[in-house]
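See below for coords_18.csv, which holds CSV, C-alpha atoms and all ligand atoms.
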```csv
chain,number,residue,atom,x,y,z
R,1,MET,CA,161.8,79.9,109.1
R,2,SER,CA,162.5,83.6,109.5
R,3,GLY,CA,159.5,85.7,108.2
R,4,SER,CA,156.9,83.0,108.6
R,5,LEU,CA,153.5,83.8,110.1
R,6,PHE,CA,153.1,83.9,113.9
R,7,ALA,CA,156.7,82.9,114.8
R,8,PRO,CA,157.8,85.7,117.1
R,9,GLU,CA,160.5,83.5,118.6
R,10,ASN,CA,162.1,83.3,115.1
R,11,GLY,CA,162.5,87.0,114.5
R,12,PRO,CA,160.1,88.9,112.2
R,13,TRP,CA,156.4,88.0,112.4
R,14,ALA,CA,153.3,89.0,110.5
R,15,GLU,CA,150.3,90.5,112.3
R,16,PRO,CA,147.2,91.1,110.2
R,17,LEU,CA,145.6,94.3,111.4
R,18,SER,CA,142.6,94.2,109.1
R,19,ALA,CA,141.6,92.8,105.8
R,20,GLY,CA,144.2,94.7,103.7
R,21,THR,CA,146.8,95.7,106.3
R,22,VAL,CA,149.7,93.6,107.6
R,23,LEU,CA,152.2,94.7,110.2
R,24,LEU,CA,155.5,92.8,109.7
R,25,HIS,CA,157.2,93.2,113.1
R,26,GLY,CA,160.9,93.6,112.9
R,27,TRP,CA,161.0,92.9,109.1
R,28,ALA,CA,163.7,95.5,108.4
R,29,CYS,CA,165.9,94.8,111.5
R,30,ALA,CA,168.3,92.2,110.1
R,31,ASP,CA,169.5,94.7,107.5
R,32,ASP,CA,169.0,98.0,109.4
R,33,ALA,CA,172.5,99.4,109.3
R,34,ALA,CA,172.7,99.0,105.5
R,35,LEU,CA,169.2,100.5,105.1
R,36,CYS,CA,170.0,103.5,107.3
R,37,ALA,CA,173.3,104.0,105.3
R,38,ALA,CA,171.3,103.9,102.0
R,39,VAL,CA,168.8,106.5,103.4
R,40,GLU,CA,171.6,108.8,104.6
R,41,THR,CA,173.2,108.7,101.1
R,42,VAL,CA,169.9,109.7,99.5
R,43,LEU,CA,169.4,112.5,102.1
R,44,ARG,CA,172.9,114.0,101.4
R,45,GLN,CA,171.8,114.4,97.7
R,46,SER,CA,168.2,115.5,98.4
R,47,PRO,CA,168.1,116.8,102.0
R,48,PRO,CA,164.8,116.6,104.0
R,49,ARG,CA,162.9,119.9,103.8
R,50,GLY,CA,159.8,121.3,105.4
R,51,MET,CA,156.7,121.4,103.1
R,52,VAL,CA,153.7,123.6,103.1
R,53,THR,CA,150.2,122.3,102.6
R,54,PRO,CA,148.0,123.8,99.9
R,55,GLY,CA,146.2,125.6,102.7
R,56,GLY,CA,149.5,127.3,103.8
R,57,GLN,CA,150.2,125.2,106.9
R,58,ALA,CA,153.9,124.3,107.6
R,59,MET,CA,154.2,120.5,108.1
R,60,SER,CA,156.2,119.5,111.1
R,61,VAL,CA,157.7,116.5,109.2
R,62,ALA,CA,160.6,117.1,106.9
R,63,THR,CA,160.3,115.2,103.6
R,64,SER,CA,162.5,113.9,100.8
R,65,SER,CA,162.2,111.2,98.2
R,66,CYS,CA,164.1,108.8,96.0
R,67,GLY,CA,163.1,106.9,92.9
R,68,ASP,CA,161.5,108.1,89.6
R,69,TRP,CA,159.0,110.2,91.4
R,70,GLY,CA,159.0,112.3,94.5
R,71,TRP,CA,156.2,113.8,96.5
R,72,VAL,CA,156.0,117.5,96.9
R,73,SER,CA,153.5,119.9,98.4
R,74,ASP,CA,153.2,123.7,98.1
R,75,ARG,CA,150.5,126.3,97.7
R,76,ARG,CA,149.7,124.9,94.3
R,77,GLY,CA,148.8,121.5,95.8
R,78,TYR,CA,150.1,118.0,96.5
R,79,ARG,CA,151.7,116.1,93.5
R,80,TYR,CA,154.4,113.8,92.3
R,81,SER,CA,157.4,115.4,90.6
R,82,ALA,CA,160.3,113.8,88.6
R,83,VAL,CA,162.5,116.6,89.8
R,84,ASP,CA,163.5,117.7,93.3
R,85,PRO,CA,162.4,121.4,93.3
R,86,ASP,CA,165.2,122.3,95.7
R,87,SER,CA,168.0,120.9,93.5
R,88,GLY,CA,166.4,121.2,90.1
R,89,GLN,CA,167.8,117.7,89.5
R,90,PRO,CA,166.0,114.3,89.3
R,91,TRP,CA,165.5,112.6,92.7
R,92,PRO,CA,168.2,110.2,93.8
R,93,ALA,CA,167.7,106.7,92.4
R,94,MET,CA,166.0,104.2,94.7
R,95,PRO,CA,168.8,102.2,96.3
R,96,ASP,CA,168.6,98.4,95.6
R,97,ALA,CA,168.6,97.6,99.3
R,98,LEU,CA,165.4,99.7,99.7
R,99,ARG,CA,163.6,98.3,96.6
R,100,THR,CA,164.4,94.7,97.6
R,101,LEU,CA,163.1,95.2,101.1
R,102,ALA,CA,159.9,96.8,99.9
R,103,ARG,CA,159.3,94.1,97.3
R,104,GLY,CA,159.9,91.3,99.8
R,105,ALA,CA,157.6,92.8,102.4
R,106,ALA,CA,154.8,93.3,99.8
R,107,ALA,CA,155.1,89.7,98.7
R,108,GLU,CA,155.0,88.5,102.3
R,109,ALA,CA,151.8,90.4,102.7
R,110,GLY,CA,150.2,89.0,99.6
R,111,PHE,CA,151.1,91.6,97.0
R,112,ALA,CA,153.6,89.8,94.8
R,113,GLY,CA,155.1,91.8,92.0
R,114,PHE,CA,154.9,95.2,93.7
R,115,ASP,CA,157.0,97.6,91.7
R,116,PRO,CA,157.4,100.9,93.5
R,117,ASP,CA,158.5,104.0,91.5
R,118,ALA,CA,158.5,106.4,94.5
R,119,CYS,CA,159.9,106.2,98.0
R,120,LEU,CA,158.9,109.1,100.3
R,121,ILE,CA,161.3,109.7,103.2
R,122,ASN,CA,159.6,111.4,106.2
R,123,CYS,CA,161.9,112.7,108.9
R,124,TYR,CA,160.5,113.3,112.3
R,125,LEU,CA,162.3,115.1,115.1
R,126,PRO,CA,160.7,114.9,118.6
R,127,GLY,CA,157.4,116.7,118.5
R,128,ALA,CA,156.8,116.2,114.8
R,129,ARG,CA,153.5,114.6,113.8
R,130,MET,CA,151.3,113.9,110.8
R,131,GLY,CA,147.6,114.7,110.9
R,132,LEU,CA,144.9,112.4,109.7
R,133,HIS,CA,144.8,112.1,105.9
R,134,GLN,CA,144.4,109.7,103.0
R,135,ASP,CA,147.1,108.9,100.5
R,136,LYS,CA,145.3,109.7,97.2
R,137,ASP,CA,147.9,111.4,95.0
R,138,GLU,CA,148.8,108.1,93.3
R,139,ARG,CA,147.4,107.1,90.0
R,140,ASP,CA,146.7,103.4,90.7
R,141,PHE,CA,145.0,102.6,94.0
R,142,ALA,CA,145.3,98.8,93.2
R,143,ALA,CA,148.9,98.9,94.2
R,144,PRO,CA,149.7,98.6,98.0
R,145,ILE,CA,151.9,101.0,100.0
R,146,VAL,CA,154.8,99.7,102.0
R,147,SER,CA,155.9,101.7,105.1
R,148,VAL,CA,159.2,101.1,106.9
R,149,SER,CA,159.8,102.7,110.3
R,150,LEU,CA,163.4,103.4,111.5
R,151,GLY,CA,164.8,105.1,114.6
R,152,LEU,CA,162.6,106.5,117.4
R,153,PRO,CA,159.2,104.7,117.9
R,154,ALA,CA,155.9,106.3,117.1
R,155,VAL,CA,152.2,105.7,117.6
R,156,PHE,CA,150.3,105.7,114.3
R,157,LEU,CA,146.6,106.1,114.0
R,158,LEU,CA,144.7,103.7,111.8
R,159,GLY,CA,141.3,105.3,111.0
R,160,GLY,CA,138.4,104.4,108.8
R,161,MET,CA,137.2,105.5,105.4
R,162,ARG,CA,135.8,108.8,106.8
R,163,ARG,CA,137.7,111.4,108.7
R,164,GLY,CA,135.4,111.2,111.7
R,165,ASP,CA,135.7,107.4,112.1
R,166,PRO,CA,137.4,106.1,115.2
R,167,SER,CA,141.1,105.3,114.9
R,168,ALA,CA,143.2,102.5,116.5
R,169,ARG,CA,146.5,103.5,118.0
R,170,ILE,CA,149.4,101.2,116.9
R,171,GLN,CA,153.0,101.3,118.0
R,172,LEU,CA,155.6,101.3,115.2
R,173,LEU,CA,159.1,100.4,116.3
R,174,HIS,CA,162.4,100.5,114.6
R,175,GLY,CA,162.4,97.9,111.8
R,176,ASP,CA,158.6,97.4,111.7
R,177,VAL,CA,157.2,97.3,108.2
R,178,LEU,CA,153.5,97.9,107.4
R,179,VAL,CA,151.9,96.9,104.1
R,180,TRP,CA,148.4,98.2,103.3
R,181,GLY,CA,146.3,97.8,100.2
R,182,GLY,CA,143.1,96.5,98.9
R,183,PRO,CA,140.1,97.5,101.1
R,184,ASP,CA,142.4,99.5,103.4
R,185,ARG,CA,144.2,101.5,100.8
R,186,MET,CA,142.1,104.6,101.4
R,187,ARG,CA,141.9,104.5,105.1
R,188,PHE,CA,142.6,107.8,107.0
R,189,HIS,CA,145.8,107.6,109.0
R,190,GLY,CA,148.2,109.8,110.9
R,191,VAL,CA,151.1,109.8,113.4
R,192,ARG,CA,151.1,111.1,117.0
R,193,PRO,CA,153.8,113.5,118.0
R,194,VAL,CA,157.2,111.6,118.3
R,195,GLN,CA,158.5,111.5,121.9
R,196,PRO,CA,162.0,112.6,122.7
R,197,GLY,CA,164.6,109.9,122.8
R,198,SER,CA,167.7,108.6,121.0
R,199,HIS,CA,168.2,105.6,118.7
R,200,PRO,CA,171.6,103.9,118.3
R,201,LEU,CA,171.6,104.2,114.5
R,202,LEU,CA,169.7,107.4,113.8
R,203,GLY,CA,170.0,109.5,117.0
R,204,GLU,CA,167.1,111.8,118.0
R,205,ARG,CA,165.0,111.1,114.9
R,206,ARG,CA,162.3,108.8,113.4
R,207,ILE,CA,162.5,108.1,109.7
R,208,ASN,CA,159.6,106.6,107.8
R,209,LEU,CA,159.9,105.3,104.3
R,210,THR,CA,156.8,104.8,102.2
R,211,PHE,CA,157.1,102.9,98.9
R,212,ARG,CA,154.4,103.7,96.4
R,213,LYS,CA,153.4,103.1,92.8
R,214,ALA,CA,152.9,106.8,92.0
R,215,ARG,CA,152.3,106.7,88.2
X,1,LIG,C1,148.0,101.6,106.6
X,1,LIG,N1,153.4,108.4,106.6
X,1,LIG,O1,153.8,109.6,104.2
X,1,LIG,S1,153.0,105.3,107.3
X,1,LIG,C2,152.6,109.3,104.5
X,1,LIG,O2,154.8,107.2,109.5
X,1,LIG,C3,152.3,108.7,105.8
X,1,LIG,O3,155.4,108.8,108.2
X,1,LIG,C4,153.2,108.0,107.9
X,1,LIG,O4,151.2,108.6,106.2
X,1,LIG,C5,154.6,108.0,108.6
X,1,LIG,O5,151.7,109.5,103.7
X,1,LIG,C6,152.5,106.7,108.2
X,1,LIG,C7,152.1,104.0,108.2
X,1,LIG,C8,150.6,103.9,108.0
X,1,LIG,C9,149.8,104.8,108.4
X,1,LIG,C10,148.4,104.7,108.2
X,1,LIG,C11,147.8,103.6,107.6
X,1,LIG,C12,150.0,102.8,107.4
X,1,LIG,C13,148.6,102.7,107.2
X,1,LIG,C14,146.4,103.5,107.4
X,1,LIG,C15,145.9,102.5,106.8
X,1,LIG,C16,146.7,101.5,106.4
X,2,FE,FE,149.9,108.8,104.5
```

What would you get if you wrote out this structure as structure tokens?
Ligand code: MD3
Ligand code: FE
Amino acid sequence: MSGSLFAPENGPWAEPLSAGTVLLHGWACADDAALCAAVETVLRQSPPRGMVTPGGQAMSVATSSCGDWGWVSDRRGYRYSAVDPDSGQPWPAMPDALRTLARGAAAEAGFAGFDPDACLINCYLPGARMGLHQDKDERDFAAPIVSVSLGLPAVFLLGGMRRGDPSARIQLLHGDVLVWGGPDRMRFHGVRPVQPGSHPLLGERRINLTFRKAR
């Protein structure tokens, strides 16, 4: 019965956080070594790099992507690009292990048929954080976003529809998968600074994958 609702004794379990957000605790744990290996393969081809916001601020998170589209930011703005601007080549293909995980998690959360064409890879060293923002660079807000947390834990901030709305603090551990869509798709969210530590598979890092339908 692995993966069924409210069965923590059986491994992964689903916790609805609000109308359109489900936290699948430990969903990625069973396959974590293969997932981390697939991510490392992508990162050798398109290494994580610091981005600059359109306002000129350096982001503390280093970012890469795989799939048909990758997310980039510079002084010209935020956008999706088919080419890694550092290599001049297309982004690495989305590994099957990653795509299968994202599709299964989306289906478990009620979004059957999710077909991501982009996977952002956010790499956090201790101290790295992500300020409150909305994900609004995608074309189709009807598709959900699936987030996979690997390595060091983090506290994520789940805000409201306006920047000033209060936000809940939610711990994301290695192997946790968060699916959000529908009424929650445009919520403000962020990540508190990652605390120092070491993880057996990834060392002194947190890696977050977000699967999106970009175009
Ligand atoms: C669901 N990444 O890449 S994902 C991003 O952990 C991004 O790297 C974060 O935000 C990361 O754009 C957070 C988890 C998350 C965060 C906020 C949410 C899921 C959410 C807000 C509403 C619903
Ligand atoms: Fe985001």

Problem set entry | Selected residue, from R:Pro54, R:Pro16, R:Pro90, R:Pro200, that lies nearest to ligand LIG 1 (chain X) when counting all atoms listed in the file |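 Closest to ligand LIG 1 (chain X) of all the choices is R:Pro16.
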
For this session: For His199 (chain R), please output as number ranges by chain all residues within 9 Å (counting all atoms listed in the file; exclusion window: fewer than 3 positions along the same chain).
Result: R: 150-152, 174, 202-206

Once you count only C-alpha atoms and all ligand atoms, what closest atom pair and distance in Å to one decimal does each residue of chain R within 10 Å of ligand FE 2 (chain X) have, with rows by chain and rising residue number, as JSON lines?
```
{"residue": "R:Leu120", "atom": "CA", "partner": "X:FE2", "partner_atom": "FE", "distance": 9.9}
{"residue": "R:Met130", "atom": "CA", "partner": "X:FE2", "partner_atom": "FE", "distance": 8.2}
{"residue": "R:Gly131", "atom": "CA", "partner": "X:FE2", "partner_atom": "FE", "distance": 9.0}
{"residue": "R:Leu132", "atom": "CA", "partner": "X:FE2", "partner_atom": "FE", "distance": 8.1}
{"residue": "R:His133", "atom": "CA", "partner": "X:FE2", "partner_atom": "FE", "distance": 6.2}
{"residue": "R:Gln134", "atom": "CA", "partner": "X:FE2", "partner_atom": "FE", "distance": 5.8}
{"residue": "R:Asp135", "atom": "CA", "partner": "X:FE2", "partner_atom": "FE", "distance": 4.9}
{"residue": "R:Lys136", "atom": "CA", "partner": "X:FE2", "partner_atom": "FE", "distance": 8.7}
{"residue": "R:Ile145", "atom": "CA", "partner": "X:FE2", "partner_atom": "FE", "distance": 9.2}
{"residue": "R:Ser147", "atom": "CA", "partner": "X:FE2", "partner_atom": "FE", "distance": 9.3}
{"residue": "R:Arg185", "atom": "CA", "partner": "X:FE2", "partner_atom": "FE", "distance": 10.0}
{"residue": "R:Met186", "atom": "CA", "partner": "X:FE2", "partner_atom": "FE", "distance": 9.4}
{"residue": "R:Arg187", "atom": "CA", "partner": "X:FE2", "partner_atom": "FE", "distance": 9.1}
{"residue": "R:Phe188", "atom": "CA", "partner": "X:FE2", "partner_atom": "FE", "distance": 7.8}
{"residue": "R:His189", "atom": "CA", "partner": "X:FE2", "partner_atom": "FE", "distance": 6.2}
{"residue": "R:Gly190", "atom": "CA", "partner": "X:FE2", "partner_atom": "FE", "distance": 6.7}
{"residue": "R:Val191", "atom": "CA", "partner": "X:FE2", "partner_atom": "FE", "distance": 9.0}
{"residue": "R:Thr210", "atom": "CA", "partner": "X:FE2", "partner_atom": "FE", "distance": 8.3}
```

Exercise. So how far away is CA of Asp68 (chain R) from CA of Val83 (chain R), in Å?
Worked result: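 Between CA of Val83 (chain R) and CA of Asp68 (chain R) the gap works out to 8.6 Å.
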
Which protein, DNA or RNA residues have an atom at most 10 Å from (155.4, 103.2, 89.1), counting only C-alpha atoms? List them as a PDB file with C-alpha atoms, in the coordinates of the input.
```pdb
ATOM      1  CA  GLY R  67     163.100 106.900  92.900  1.00  0.00           C
ATOM      2  CA  ASP R  68     161.500 108.100  89.600  1.00  0.00           C
ATOM      3  CA  TRP R  69     159.000 110.200  91.400  1.00  0.00           C
ATOM      4  CA  PHE R 114     154.900  95.200  93.700  1.00  0.00           C
ATOM      5  CA  ASP R 115     157.000  97.600  91.700  1.00  0.00           C
ATOM      6  CA  PRO R 116     157.400 100.900  93.500  1.00  0.00           C
ATOM      7  CA  ASP R 117     158.500 104.000  91.500  1.00  0.00           C
ATOM      8  CA  ALA R 118     158.500 106.400  94.500  1.00  0.00           C
ATOM      9  CA  GLU R 138     148.800 108.100  93.300  1.00  0.00           C
ATOM     10  CA  ARG R 139     147.400 107.100  90.000  1.00  0.00           C
ATOM     11  CA  ASP R 140     146.700 103.400  90.700  1.00  0.00           C
ATOM     12  CA  ALA R 143     148.900  98.900  94.200  1.00  0.00           C
ATOM     13  CA  PHE R 211     157.100 102.900  98.900  1.00  0.00           C
ATOM     14  CA  ARG R 212     154.400 103.700  96.400  1.00  0.00           C
ATOM     15  CA  LYS R 213     153.400 103.100  92.800  1.00  0.00           C
ATOM     16  CA  ALA R 214     152.900 106.800  92.000  1.00  0.00           C
ATOM     17  CA  ARG R 215     152.300 106.700  88.200  1.00  0.00           C
TER      18      ARG R 215
END
```

Seminar exercise, completed: CA of Ile170 (chain R) sits from CA of Val148 (chain R) at a separation of 14.0 Å

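Residue nearest Pro92 (chain R), chosen from R:Asp165, R:Ala14, R:Leu201, R:Ile121 and counting only C-alpha atoms: R:Ile121.
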
For this session: Would you mind reading off the distance between CA of Ala34 (chain R) and CA of Pro47 (chain R), one decimal, in Å?
Result: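 One can read the CA of Ala34 (chain R) to CA of Pro47 (chain R) distance as 18.7 Å.
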
For this session: Tell me which protein, DNA and RNA residues are within 8 Å of Trp180 (chain R), counting all atoms listed in the file, leaving out same-chain ones fewer than 5 positions away, and put them as a ChimeraX atom specification.
Result: /R:20-22,144-146,185

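Residue nearest Gly175 (chain R), chosen from R:Met161, R:Ala102, R:Ala97, R:Cys29 and counting all atoms listed in the file: R:Cys29.
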
Exercise. Which of these residues is nearest to Ser60 (chain R), using all atoms listed in the file: R:Pro166, R:Gly127, R:Gly181, R:Pro85?
Worked result: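 Once distances to Ser60 (chain R) are computed over all atoms listed in the file, the minimum belongs to R:Gly127.
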
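Of the listed residues R:Asp137, R:Asp86, R:Asp31, R:Asp184, the one whose atoms come nearest to ligand LIG 1 (chain X) is R:Asp184, with distances taken using all atoms listed in the file.
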
For this session: Skip Gln195 (chain R) itself and residues of its chain fewer than 4 positions away, then list as a ChimeraX atom specification all residues within 9 Å of it, counting only C-alpha atoms.
Result: /R:125-128,152-154

Exercise. Taking only C-alpha atoms and all ligand atoms into account, which of R:Trp91, R:Phe141, R:Phe111, R:Trp71 comes nearest ligand LIG 1 (chain X)?
Worked result: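 Ranked by minimum distance to ligand LIG 1 (chain X), first place goes to R:Trp71.
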
Please supply region 26-39 of chain R, rebuilt with N, CA and C atoms, as a compact mmCIF listing (two decimals), in the coordinates of the input.
```
# COMPACT_ATOMS: atom_id res chain seq x y z
N GLY R 26 159.49 93.88 112.94
CA GLY R 26 160.90 93.60 112.90
C GLY R 26 161.45 93.21 111.51
N TRP R 27 160.64 93.35 110.48
CA TRP R 27 161.00 92.90 109.10
C TRP R 27 162.31 93.48 108.64
N ALA R 28 162.56 94.75 108.97
CA ALA R 28 163.70 95.50 108.40
C ALA R 28 164.91 95.43 109.41
N CYS R 29 164.79 94.72 110.52
CA CYS R 29 165.90 94.80 111.50
C CYS R 29 167.15 94.13 111.09
N ALA R 30 167.06 92.99 110.40
CA ALA R 30 168.30 92.20 110.10
C ALA R 30 169.24 93.07 109.25
N ASP R 31 168.69 93.97 108.42
CA ASP R 31 169.50 94.70 107.50
C ASP R 31 169.51 96.22 107.83
N ASP R 32 169.25 96.55 109.11
CA ASP R 32 169.00 98.00 109.40
C ASP R 32 170.12 98.90 109.17
N ALA R 33 171.35 98.45 109.45
CA ALA R 33 172.50 99.40 109.30
C ALA R 33 172.65 99.72 107.80
N ALA R 34 172.52 98.73 106.91
CA ALA R 34 172.70 99.00 105.50
C ALA R 34 171.50 99.88 104.98
N LEU R 35 170.31 99.67 105.51
CA LEU R 35 169.20 100.50 105.10
C LEU R 35 169.37 101.94 105.53
N CYS R 36 169.79 102.13 106.78
CA CYS R 36 170.00 103.50 107.30
C CYS R 36 171.11 104.19 106.47
N ALA R 37 172.16 103.44 106.12
CA ALA R 37 173.30 104.00 105.30
C ALA R 37 172.74 104.43 103.95
N ALA R 38 171.90 103.61 103.35
CA ALA R 38 171.30 103.90 102.00
C ALA R 38 170.47 105.19 102.12
N VAL R 39 169.69 105.28 103.19
CA VAL R 39 168.80 106.50 103.40
C VAL R 39 169.69 107.71 103.55
```
